[in-house]
Amino acid sequence: MKISYNWLKDYIYFEETPEKIAEILTSIGLEVESIEHIESVKGGLNGVYVGHVLSCEKHPDADRLHVTRVDTGEAQPLQIVCGAPNVAQGQKVAVATVGATLYFASGEEVKIKKSKIRGVESFGMICAEDELGLGDSHEGIMVLDADAVPGTPLKDLLQLENDAVFEIGLTPNRVDAASHFGVARDLAAYFRKNASLPDVSNFIIDNYSNPYEVEIEDNDGCLRYSGITVSNLKIKPSPEWLQKRLKAVDIKPKNNAVDITNYILHELGQPLHAFDADKIEGGKVVIRTCEEDAEFVTLDSEMRKLTSTDLMICDQNKPLCIAGVFGGTDSGVTDNTVNVFIESAYFNPVRIRKTSRYHGLITDSSFRFERGTDPNMTVYALKRAALLMKELGEGEISSDIVDVYEQVVEPAQIVMSYSNIERVVGKNIPADEIKNIVQALEMKIIDEKDDSFTVAVPLYRVDVKREFDVIEDILRIYGYNNVEIPSQVHSTLSYVPKPDKDKLLNAVSDFFTANGFREIMSNSLTKSAYYDNLETYKAENSVKILNPLSNELNVMRQTLLFGGLEAIARNINRKNPDLKFYEAGNCYSYKETQSPNPLNAYREDSRIALFLTGNNHSLSWNQKAETSDFFTLKSLLERLLKRFGVNMSNLETGDAPKDIFADGLSLNLPKGKHVLTFGVVAKNVLKMLDIEQDVFFAEISFQTITGFAKQNKTVYKELARFPEVRRDLALVIDKNVSFSALRDIAFRTERKLLKNVGLFDIYDGDKLPAGKKQYAISFIIQDEEKTLTDKDIEQIMQKLLNAFAKETGAVLR
C-alpha cells in the first residue's frame with residue numbers, strides 16, 4: 001500500500017524526514033518496505049536559475065538567432081545563443097547552466113554543454129516551458145515575473161513540492177491503516193498528538209430538489225447505507241493538487257467526480273461510489289440480491305453471472321452495481337453526467353469477500369470492505385465528498401443525507417489486567433503510561449479498578465477483540481526496543497520423536513540435490529479441471545476451497561504431479577527443456593465416511609515427487625547427450641531406498657495407474673502399504689499443459705520412508721580381511737522366470753557366504769529353444785574368517801546350480 005509523506009501532513013504536523021517517519025512506522029507495526037522519492041518536475045530543475053537578460057543582439061551569421069548576455073548571479077554574465085522569437089533585453093528568464101540535465105515534455109533528455117553555434121560560443125540555454133517539463137508550450141522562452149532575483153534556483157522560485165511515497169507491507173488485520181488518515185492516527189499515537197480530519201462544519205444542503213429513497217432488503221449483507229445527491233455538477237478534469245495526490249499512490253486521474261471518490265478512499269479508507277443519478281429509475285435505491293445466474297455487465301464490459309448471495313445495489317427495476325466490489329457499465333459517471341448520487345456504506349465483510357473471490361474482482365473497495373470498514377465513517381465521508389464536488393465541480397447539494405442504520409454496531413469492551421500486561425510484555429510498564437497509550441490509540445477507558453480497567457475499542461479497529469490484542473497495541477506504541485532482554489532465559493526441554501522427520505527430509509533433499517536435481521515449491525492450491533477425467537484422483541475427492549482466490553486455485557492438490565508439470569511447461573516454453581526437479585509437500589483428499597466426526601472424511605499425507613525430462617547429460621566435448629529414461633529414474637529410486645535399508649526387489653510390484661502413466665510400476669510393502677509409483681507420464685496428462693516431450697515422474701510416500709528409517713539401524717563392523725570371489729553363470733531358463741526369483745533361490749541356498757547376485761546380460765535369440773532365454777548372472781562369495789579355496793567355491797556354485805535346476809529347470813549353457 002502506498003502512503004504519501006506530504007499527504008500525511010494534511011492530518012498531523014511533524015518535521016521528521018521521510019527516512020525517520022519510515023523508521024517510526026516500521027517500529028509501530030506498519031513495515032515500510034521501500035521509499036520512493038517523487039519530483040513534481042523530473043530532475044528537480046537542478047542547475048536551472050533565474051537569469052536577467054542584460055543585452056540581446058542579432059547573431060552575425062543567422063537571422064533567427066540572438067546573442068544574449070545573461071546575469072545568473074555569478075561574477076560574470078553568461079553569453080548564450082538563443083533562437084526564441086520573444087527573447088528581449090530586460091526579461092527575467094529561466095537559464096539552464098552548463099552541466100544541467102533537462103527532461104523535455106516530449107520525453108527527450110538533454111544535458112547542457114558548452115557549445116559553439118554558427119561560430120559564437122554559448123554557455124547555457126534560455127528555456128521554454130516544454131524544455132523544463134513544466135508544460136507543453138514551445139512558442140517562446142518562459143518569461144518570469146519582473147521581481148524575480150537573478151541567481152535564484154528556479155525550483156525555489158516556483159516552490160516545487162517534492163514528495164516521498166512509502167510502500168507499506170500492510171498485514172491483513174490492519175485495514176484501519178489502509179488510508180492516509182489511518183496511518184496518521186498511528187503516528188499521532190506514537191507522537192502523543194492528535195490527528196485531525198478535514199473540517200466539514202460548512203456542510204449545508206443547498207436545496208431538496210433531487211431526493212432519493214433507500215431500502216435495505218438484505219440486512220445481513222448491508223448493515224448501514226448512506227447516500228446524498230449533488231446536482232448540476234460540471235464533469236471536468238480535477239485540479240492539479242488532486243491529480244498529484246492520486247498519482248502519488250498510482251491512481252490515474254479520470255474526472256473530478258470519480259477522482260473525489262478515489263481521493264476519499266485513500267484519505268479515509270471509506271470506499272464511495274458515485275452513480276449517475278439520472279440513470280437510477282424510480283427515485284429509489286434498493287440493496288438486495290438477484291436470482292441465481294442473473295446476468296450483469298460490469299464496468300470492464302464483462303458479462304457476469306451472479307450468484308444468489310451476491311449483494312447488489314439496484315434501482316426499482318434493475319441492478320446497478322455489485323455492492324462493495326465493482327460498478328455497472330450503465331450507471332457510472334460519464335462526461336455527460338449532471339446529477340450524481342453518492343453511496344457510502346458498511347457491508348458484511350464475509351459477503352463481500354465471497355463475491356469478490358467468486359468473480360475474480362479484487363478492487364480497492366473490496367480490499368477494504370472484505371476486511372472491515374468503520375461504520376461510523378459513512379456520513380462524514382459523504383459530507384466530505386459532497387463538499388469537494390461542490391467546490392471542484394460547482395455542484396449543488398440537492399438532498400438530505402439518507403442514512404439507514406437499523407442494527408447499530410457496538411464497540412467491543414475488553415477488560416485489561418495490569419498483571420497480564422506485565423506478564424505478556426515482560427516488563428512492568430507504569431499504569432499511567434499504559435493509560436496514556438490506550439487513550440492515544442483512541443480507546444476509551446470506561447471503567448477502572450485496582451488491578452484492571454475496561455476499554456471500549458473504536459469500531460475501525462476490527463482486529464482488536466481480545467485482551468491480548470490490546471496488549472499487542474500497547475507494546476508496539478511503547479516500543480519493542482524499550483523492553484530489555486532479560487539476563488536469564490527460562491525454557492523447557494523438548495524431545496523430538498525419532499526419527500526426526502525434518503532431518504530425514506533434509507537427508508532426502510541432499511540426496512536428490514547431489515544427483516543434479518533442483519528443488520521446486522508449488523502452490524498447494526490448484527484447479528479442479530486437472531482432475532475432471534481422472535480415475536486415480538477423482539474430482540469429487542478434491543478438497544474444495546469455499547472462498548477461492550480464482551477458478552485456477554479452487555481445490556487443494558491431490559498429487560504433486562500437476563505442480564511439477566506446470567514448472568516443466570514454464571521452463572520448456574523458455575527454451576530450457578533438460579530438467580530434473582524434486583518437491584516435498586502435502587497432498588489432500590476427501591472421501592465420504594460413516595464416521596460421526598466429519599473431519600475423518602479428510603486426509604492429508606506427505607509425499608516426495610521426482611521429475612525427469614529431456615537429456616540426463618547434455619552434449620559435451622567428452623560425452624554424448626544422454627536422454628533421461630525409465631531406467632534413469634528407477635536407478636535413482638533404487639539407491640534412495642537402499643539408503644533406508646530397503647531392497648527394491650523385495651517390494652511387491654504392480655502396474656501404475658493408466659490414467660496417469662503411459663507405462664510404470666507401483667511398489668508396495670508385502671502387507672500392502674504403498675511405497676511409491678513411478679513411470680512415464682501419460683500423453684493425455686501432458687497435453688493438459690501442452691508438453692510434447694516425455695516426462696518421467698515418481699511419487700513417494702514420505703510416511704512409508706519414515707517407517708523404513710525407524711527400522712533401519714546403522715551397524716558398524718570391521719572391514720573383511722579376506723578377499724571376495726566372483727563367479728559367473730550363463731543359465732538357460734523359461735521366459736516366465738524372473739531374475740528376482742533366481743536371486744531369491746540363490747540367497748535361500750547359500751545364506752552365509754553369498755554376498756551379492758547381479759544380472760549383467762540377457763539373451764533372447766533364435767539360437768535358443770522356443771520359450772527360452774539366457775541370463776548371465778554374477779555371484780559374489782566371501783568368507784570373513786578365511787580365504788576360500790577353489791574346492792570351496794566349486795561346491796557352492798554346484799549347490800546353486802542344482803537349486804536353480806530343481807526349482808526353475810535352469811540349464812547351464
# chains A, B, ... in the order shown; residues from 1 in each chain; ligands from 1

$ residues_around --residues "A:Gln439" --least-positions-apart "5" --cutoff "12 Å" --atoms "only C-alpha atoms" --output "list in words"
Arg185, Asp186, Ala188, Ala189, Tyr190, Arg192, Lys193, Asn194, Asp432, Glu433, Ile434, Lys444, Ile445, Ile446, Thr454, Val455, Ala456, Val457, Pro458, Val470, Asp473, Ile474 and Ile477 of chain A

$ write_last_selection --atoms "N, CA and C atoms" --output "PDB file, in the first residue's frame"
ATOM      1  N   ARG A 185      -3.228   8.382  12.231  1.00  0.00           N
ATOM      2  CA  ARG A 185      -3.690   8.042  13.587  1.00  0.00           C
ATOM      3  C   ARG A 185      -2.614   7.302  14.369  1.00  0.00           C
ATOM      4  N   ASP A 186      -1.942   6.349  13.682  1.00  0.00           N
ATOM      5  CA  ASP A 186      -0.881   5.601  14.355  1.00  0.00           C
ATOM      6  C   ASP A 186       0.302   6.499  14.693  1.00  0.00           C
ATOM      7  N   ALA A 188       0.062   9.660  15.290  1.00  0.00           N
ATOM      8  CA  ALA A 188      -0.404  10.509  16.380  1.00  0.00           C
ATOM      9  C   ALA A 188      -0.271   9.786  17.716  1.00  0.00           C
ATOM     10  N   ALA A 189      -0.561   8.485  17.727  1.00  0.00           N
ATOM     11  CA  ALA A 189      -0.408   7.708  18.955  1.00  0.00           C
ATOM     12  C   ALA A 189       1.056   7.647  19.368  1.00  0.00           C
ATOM     13  N   TYR A 190       1.942   7.522  18.389  1.00  0.00           N
ATOM     14  CA  TYR A 190       3.371   7.449  18.694  1.00  0.00           C
ATOM     15  C   TYR A 190       3.872   8.793  19.234  1.00  0.00           C
ATOM     16  N   ARG A 192       2.067  11.104  20.538  1.00  0.00           N
ATOM     17  CA  ARG A 192       1.132  11.597  21.552  1.00  0.00           C
ATOM     18  C   ARG A 192       0.540  12.936  21.105  1.00  0.00           C
ATOM     19  N   LYS A 193       0.142  13.000  19.850  1.00  0.00           N
ATOM     20  CA  LYS A 193      -0.509  14.174  19.282  1.00  0.00           C
ATOM     21  C   LYS A 193      -1.901  13.794  18.826  1.00  0.00           C
ATOM     22  N   ASN A 194      -2.618  14.744  18.267  1.00  0.00           N
ATOM     23  CA  ASN A 194      -3.932  14.481  17.699  1.00  0.00           C
ATOM     24  C   ASN A 194      -3.848  14.512  16.181  1.00  0.00           C
ATOM     25  N   ASP A 432       0.172   4.721  34.456  1.00  0.00           N
ATOM     26  CA  ASP A 432      -0.151   5.974  33.760  1.00  0.00           C
ATOM     27  C   ASP A 432       0.304   5.928  32.307  1.00  0.00           C
ATOM     28  N   GLU A 433       1.467   5.307  32.055  1.00  0.00           N
ATOM     29  CA  GLU A 433       1.959   5.184  30.687  1.00  0.00           C
ATOM     30  C   GLU A 433       1.028   4.302  29.856  1.00  0.00           C
ATOM     31  N   ILE A 434       0.563   3.207  30.473  1.00  0.00           N
ATOM     32  CA  ILE A 434      -0.365   2.305  29.767  1.00  0.00           C
ATOM     33  C   ILE A 434      -1.637   3.046  29.390  1.00  0.00           C
ATOM     34  N   LYS A 444     -11.407   4.217  24.632  1.00  0.00           N
ATOM     35  CA  LYS A 444     -11.953   4.908  25.789  1.00  0.00           C
ATOM     36  C   LYS A 444     -11.907   4.008  27.024  1.00  0.00           C
ATOM     37  N   ILE A 445     -11.394   4.559  28.112  1.00  0.00           N
ATOM     38  CA  ILE A 445     -11.400   3.823  29.381  1.00  0.00           C
ATOM     39  C   ILE A 445     -12.746   4.090  30.046  1.00  0.00           C
ATOM     40  N   ILE A 446     -13.571   3.044  30.150  1.00  0.00           N
ATOM     41  CA  ILE A 446     -14.938   3.232  30.654  1.00  0.00           C
ATOM     42  C   ILE A 446     -15.103   2.724  32.090  1.00  0.00           C
ATOM     43  N   THR A 454     -11.317  -1.257  31.986  1.00  0.00           N
ATOM     44  CA  THR A 454     -12.090  -1.705  30.822  1.00  0.00           C
ATOM     45  C   THR A 454     -12.032  -0.636  29.744  1.00  0.00           C
ATOM     46  N   VAL A 455     -11.769  -1.080  28.511  1.00  0.00           N
ATOM     47  CA  VAL A 455     -11.686  -0.144  27.389  1.00  0.00           C
ATOM     48  C   VAL A 455     -12.769  -0.456  26.367  1.00  0.00           C
ATOM     49  N   ALA A 456     -13.240   0.599  25.705  1.00  0.00           N
ATOM     50  CA  ALA A 456     -14.129   0.456  24.543  1.00  0.00           C
ATOM     51  C   ALA A 456     -13.288   0.702  23.305  1.00  0.00           C
ATOM     52  N   VAL A 457     -13.253  -0.293  22.416  1.00  0.00           N
ATOM     53  CA  VAL A 457     -12.381  -0.246  21.242  1.00  0.00           C
ATOM     54  C   VAL A 457     -13.104   0.457  20.099  1.00  0.00           C
ATOM     55  N   PRO A 458     -12.478   1.419  19.448  1.00  0.00           N
ATOM     56  CA  PRO A 458     -13.140   2.085  18.309  1.00  0.00           C
ATOM     57  C   PRO A 458     -13.487   1.081  17.214  1.00  0.00           C
ATOM     58  N   VAL A 470      -5.145  -5.898  22.626  1.00  0.00           N
ATOM     59  CA  VAL A 470      -4.863  -4.568  23.183  1.00  0.00           C
ATOM     60  C   VAL A 470      -3.431  -4.516  23.709  1.00  0.00           C
ATOM     61  N   ASP A 473      -1.116  -3.865  20.952  1.00  0.00           N
ATOM     62  CA  ASP A 473      -1.134  -2.455  20.557  1.00  0.00           C
ATOM     63  C   ASP A 473      -0.341  -1.596  21.537  1.00  0.00           C
ATOM     64  N   ILE A 474      -0.503  -1.872  22.821  1.00  0.00           N
ATOM     65  CA  ILE A 474       0.252  -1.115  23.829  1.00  0.00           C
ATOM     66  C   ILE A 474       1.748  -1.303  23.614  1.00  0.00           C
ATOM     67  N   ILE A 477       3.268   0.557  20.452  1.00  0.00           N
ATOM     68  CA  ILE A 477       3.407   2.001  20.638  1.00  0.00           C
ATOM     69  C   ILE A 477       4.450   2.305  21.721  1.00  0.00           C
TER      70      ILE A 477
END

$ select_by_dssp --residues "stretch 541-602 of chain A" --states "helix (DSSP H, G or I)" --output "list in words"
Asn541, Asn551, Glu552, Leu553, Leu561, Phe562, Gly563, Gly564, Leu565, Glu566, Ala567, Ile568, Ala569, Arg570, Asn571, Ile572, Pro598, Leu599, Asn600 and Ala601 of chain A

$ closest_residue --among "A:Lys580, A:Arg721, A:Lys155, A:Lys591" --to "A:Val543" --atoms "only C-alpha atoms"
A:Lys591

$ select_by_dssp --residues "stretch 576-625 of chain A" --states "strand (DSSP E)" --output "ChimeraX atom specification"
/A:579-590,602-613,615-617

$ write_last_selection --atoms "N, CA, C and O atoms" --output "short mmCIF file (atom, residue, chain, number, x, y, z; two decimals), in the first residue's frame"
data_model
loop_
_atom_site.label_atom_id
_atom_site.label_comp_id
_atom_site.auth_asym_id
_atom_site.auth_seq_id
_atom_site.Cartn_x
_atom_site.Cartn_y
_atom_site.Cartn_z
N LEU A 579 15.48 -31.02 -17.68
CA LEU A 579 15.08 -30.65 -16.33
C LEU A 579 15.12 -31.84 -15.38
O LEU A 579 14.78 -32.97 -15.76
N LYS A 580 15.52 -31.57 -14.16
CA LYS A 580 15.49 -32.53 -13.05
C LYS A 580 14.94 -31.79 -11.83
O LYS A 580 15.61 -30.93 -11.27
N PHE A 581 13.72 -32.12 -11.43
CA PHE A 581 13.08 -31.44 -10.31
C PHE A 581 12.71 -32.44 -9.22
O PHE A 581 12.43 -33.61 -9.49
N TYR A 582 12.68 -31.95 -7.99
CA TYR A 582 12.05 -32.72 -6.91
C TYR A 582 11.29 -31.76 -6.02
O TYR A 582 11.59 -30.57 -5.94
N GLU A 583 10.27 -32.28 -5.36
CA GLU A 583 9.44 -31.46 -4.48
C GLU A 583 8.93 -32.32 -3.33
O GLU A 583 8.55 -33.48 -3.53
N ALA A 584 8.92 -31.76 -2.14
CA ALA A 584 8.34 -32.40 -0.97
C ALA A 584 7.16 -31.55 -0.52
O ALA A 584 7.27 -30.33 -0.41
N GLY A 585 6.01 -32.17 -0.29
CA GLY A 585 4.84 -31.41 0.12
C GLY A 585 3.70 -32.30 0.51
O GLY A 585 3.75 -33.53 0.36
N ASN A 586 2.65 -31.67 1.00
CA ASN A 586 1.46 -32.41 1.43
C ASN A 586 0.42 -32.45 0.32
O ASN A 586 0.30 -31.51 -0.46
N CYS A 587 -0.34 -33.53 0.31
CA CYS A 587 -1.46 -33.69 -0.62
C CYS A 587 -2.73 -33.94 0.20
O CYS A 587 -2.67 -34.47 1.31
N TYR A 588 -3.86 -33.59 -0.39
CA TYR A 588 -5.11 -33.58 0.38
C TYR A 588 -6.21 -34.26 -0.42
O TYR A 588 -6.28 -34.13 -1.64
N SER A 589 -7.08 -34.96 0.28
CA SER A 589 -8.20 -35.61 -0.40
C SER A 589 -9.39 -35.70 0.54
O SER A 589 -9.26 -35.54 1.76
N TYR A 590 -10.53 -35.95 -0.06
CA TYR A 590 -11.78 -36.05 0.70
C TYR A 590 -12.53 -37.29 0.24
O TYR A 590 -12.64 -37.56 -0.97
N TYR A 602 -11.55 -36.22 5.67
CA TYR A 602 -10.42 -35.52 5.05
C TYR A 602 -9.11 -36.24 5.37
O TYR A 602 -8.90 -36.72 6.48
N ARG A 603 -8.25 -36.27 4.37
CA ARG A 603 -6.96 -36.94 4.54
C ARG A 603 -5.84 -36.03 4.03
O ARG A 603 -5.98 -35.38 3.01
N GLU A 604 -4.76 -36.04 4.79
CA GLU A 604 -3.58 -35.27 4.41
C GLU A 604 -2.36 -36.17 4.55
O GLU A 604 -2.18 -36.80 5.59
N ASP A 605 -1.56 -36.27 3.51
CA ASP A 605 -0.35 -37.08 3.60
C ASP A 605 0.83 -36.39 2.90
O ASP A 605 0.64 -35.59 1.99
N SER A 606 2.01 -36.71 3.39
CA SER A 606 3.24 -36.10 2.87
C SER A 606 3.83 -36.96 1.77
O SER A 606 3.89 -38.19 1.92
N ARG A 607 4.28 -36.32 0.72
CA ARG A 607 4.86 -37.05 -0.42
C ARG A 607 6.10 -36.34 -0.94
O ARG A 607 6.32 -35.16 -0.67
N ILE A 608 6.89 -37.10 -1.69
CA ILE A 608 8.06 -36.56 -2.37
C ILE A 608 7.92 -36.92 -3.85
O ILE A 608 7.62 -38.07 -4.17
N ALA A 609 8.10 -35.94 -4.71
CA ALA A 609 7.94 -36.16 -6.15
C ALA A 609 9.26 -35.92 -6.88
O ALA A 609 10.04 -35.05 -6.49
N LEU A 610 9.48 -36.70 -7.93
CA LEU A 610 10.64 -36.53 -8.81
C LEU A 610 10.15 -36.33 -10.24
O LEU A 610 9.19 -36.98 -10.67
N PHE A 611 10.84 -35.45 -10.97
CA PHE A 611 10.50 -35.19 -12.37
C PHE A 611 11.78 -35.21 -13.19
O PHE A 611 12.77 -34.56 -12.83
N LEU A 612 11.74 -35.96 -14.28
CA LEU A 612 12.87 -36.03 -15.21
C LEU A 612 12.34 -35.81 -16.62
O LEU A 612 11.36 -36.43 -17.03
N THR A 613 13.01 -34.97 -17.39
CA THR A 613 12.63 -34.81 -18.79
C THR A 613 13.81 -34.25 -19.57
O THR A 613 14.70 -33.62 -19.00
N ASN A 615 17.34 -34.29 -21.66
CA ASN A 615 18.61 -35.01 -21.55
C ASN A 615 19.06 -35.13 -20.10
O ASN A 615 18.99 -34.17 -19.33
N ASN A 616 19.52 -36.33 -19.76
CA ASN A 616 20.11 -36.54 -18.45
C ASN A 616 21.49 -35.90 -18.39
O ASN A 616 21.89 -35.32 -17.38
N HIS A 617 22.23 -35.99 -19.50
CA HIS A 617 23.53 -35.33 -19.65
C HIS A 617 23.52 -34.56 -20.95
O HIS A 617 23.18 -35.11 -22.00
#

$ closest_residue --among "A:Asn348, A:Ser740, A:Thr627, A:Ser666" --to "A:Asp374" --atoms "only C-alpha atoms"
A:Asn348

$ residues_around --residues "A:Gly169" --least-positions-apart "5" --cutoff "8 Å" --atoms "only C-alpha atoms" --output "ChimeraX atom specification"
/A:1,30-33

$ write_last_selection --atoms "C-alpha atoms" --output "PDB file, in the first residue's frame"
ATOM      1  CA  MET A   1       0.000   0.000   0.000  1.00  0.00           C
ATOM      2  CA  LEU A  30       3.447  -0.681   9.701  1.00  0.00           C
ATOM      3  CA  GLU A  31       6.519  -2.012   7.956  1.00  0.00           C
ATOM      4  CA  VAL A  32       7.866   0.324   5.292  1.00  0.00           C
ATOM      5  CA  GLU A  33       9.305  -1.886   2.564  1.00  0.00           C
TER       6      GLU A  33
END

$ residues_around --residues "A:Phe678" --least-positions-apart "6" --cutoff "8 Å" --atoms "only C-alpha atoms" --output "MDAnalysis selection string"
chainID A and resid 633:634 656 664:666 696:699

$ residues_around --residues "A:Ile401" --least-positions-apart "5" --cutoff "9 Å" --atoms "only C-alpha atoms" --output "PyMOL selection string"
chain A and resi 226-229+379+382-383

$ closest_atom_pairs --of "stretch 349-450 of chain A" --to "stretch 278-301 of chain A" --cutoff "12 Å" --atoms "only C-alpha atoms" --output "JSON lines"
{"residue": "A:Arg351", "atom": "CA", "partner": "A:Thr289", "partner_atom": "CA", "distance": 11.2}
{"residue": "A:Thr355", "atom": "CA", "partner": "A:Thr289", "partner_atom": "CA", "distance": 11.5}
{"residue": "A:His359", "atom": "CA", "partner": "A:Thr298", "partner_atom": "CA", "distance": 10.8}
{"residue": "A:Leu361", "atom": "CA", "partner": "A:Thr298", "partner_atom": "CA", "distance": 10.3}
{"residue": "A:Val402", "atom": "CA", "partner": "A:Val285", "partner_atom": "CA", "distance": 10.6}
{"residue": "A:Val404", "atom": "CA", "partner": "A:Ile287", "partner_atom": "CA", "distance": 11.0}

$ atom_distance --atom1 "atom CA of A:Phe14" --atom2 "atom CA of A:Ala195"
10.9 Å

$ residues_around --residues "A:Asp790" --least-positions-apart "4" --cutoff "12 Å" --atoms "only C-alpha atoms" --output "PyMOL selection string"
chain A and resi 725-727+781+794-797

$ closest_residue --among "A:Thr653, A:Glu267, A:Arg557, A:Tyr225" --to "A:Val408" --atoms "only C-alpha atoms"
A:Tyr225

$ closest_residue --among "A:Phe708, A:Ala431, A:Asn481, A:Leu801" --to "A:Lys501" --atoms "only C-alpha atoms"
A:Phe708

$ atom_distance --atom1 "atom CA of A:Lys683" --atom2 "atom CA of A:Phe661"
8.3 Å

$ closest_residue --among "A:Met312, A:Leu154, A:Val98, A:Val87" --to "A:Leu45" --atoms "only C-alpha atoms"
A:Leu154

$ residues_around --residues "A:Ala386" --least-positions-apart "2" --cutoff "9 Å" --atoms "only C-alpha atoms" --output "list in words"
Phe203, Ile228, Thr229, Val230, Ile342, Ala381, Leu382, Lys383, Arg384, Leu388, Met389, Lys390, Glu391, Gly395, Glu396 and Ile397 of chain A

$ write_last_selection --atoms "C-alpha atoms" --output "PDB file, in the first residue's frame"
ATOM      1  CA  PHE A 203     -21.723  21.410   5.077  1.00  0.00           C
ATOM      2  CA  ILE A 228     -26.750  12.006  -0.896  1.00  0.00           C
ATOM      3  CA  THR A 229     -27.231  13.728  -4.252  1.00  0.00           C
ATOM      4  CA  VAL A 230     -25.232  16.525  -5.855  1.00  0.00           C
ATOM      5  CA  ILE A 342     -23.065   9.255  -3.799  1.00  0.00           C
ATOM      6  CA  ALA A 381     -17.224  10.635   4.154  1.00  0.00           C
ATOM      7  CA  LEU A 382     -20.440  11.685   2.370  1.00  0.00           C
ATOM      8  CA  LYS A 383     -20.172  15.239   3.673  1.00  0.00           C
ATOM      9  CA  ARG A 384     -16.515  15.394   2.640  1.00  0.00           C
ATOM     10  CA  LEU A 388     -15.446  18.614  -2.656  1.00  0.00           C
ATOM     11  CA  MET A 389     -17.894  18.103  -5.541  1.00  0.00           C
ATOM     12  CA  LYS A 390     -19.458  21.432  -4.724  1.00  0.00           C
ATOM     13  CA  GLU A 391     -16.027  23.088  -4.688  1.00  0.00           C
ATOM     14  CA  GLY A 395     -22.475  21.390  -7.942  1.00  0.00           C
ATOM     15  CA  GLU A 396     -25.362  21.838  -5.503  1.00  0.00           C
ATOM     16  CA  ILE A 397     -26.124  19.559  -2.567  1.00  0.00           C
TER      17      ILE A 397
END

$ closest_residue --among "A:Lys20, A:Ala148, A:Ala94, A:Ser196" --to "A:Ala164" --atoms "only C-alpha atoms"
A:Lys20

$ decode --residues "stretch 26-45 of chain A" --atoms "C-alpha atoms" --output "compact mmCIF listing (two decimals), in the first residue's frame"
# COMPACT_ATOMS: atom_id res chain seq x y z
CA THR A 26 8.11 0.14 10.92
CA SER A 27 8.66 0.20 14.69
CA ILE A 28 4.91 0.53 15.38
CA GLY A 29 3.90 -2.35 13.10
CA LEU A 30 3.45 -0.68 9.70
CA GLU A 31 6.52 -2.01 7.96
CA VAL A 32 7.87 0.32 5.29
CA GLU A 33 9.31 -1.89 2.56
CA SER A 34 10.62 0.94 0.39
CA ILE A 35 10.63 4.73 -0.06
CA GLU A 36 10.18 6.30 -3.49
CA HIS A 37 11.17 9.95 -3.82
CA ILE A 38 8.95 11.80 -6.30
CA GLU A 39 9.87 15.02 -8.01
CA SER A 40 7.00 17.18 -9.25
CA VAL A 41 9.25 18.02 -12.20
CA LYS A 42 11.62 15.32 -13.34
CA GLY A 43 15.20 16.24 -12.47
CA GLY A 44 14.01 18.77 -9.91
CA LEU A 45 15.17 21.65 -12.17
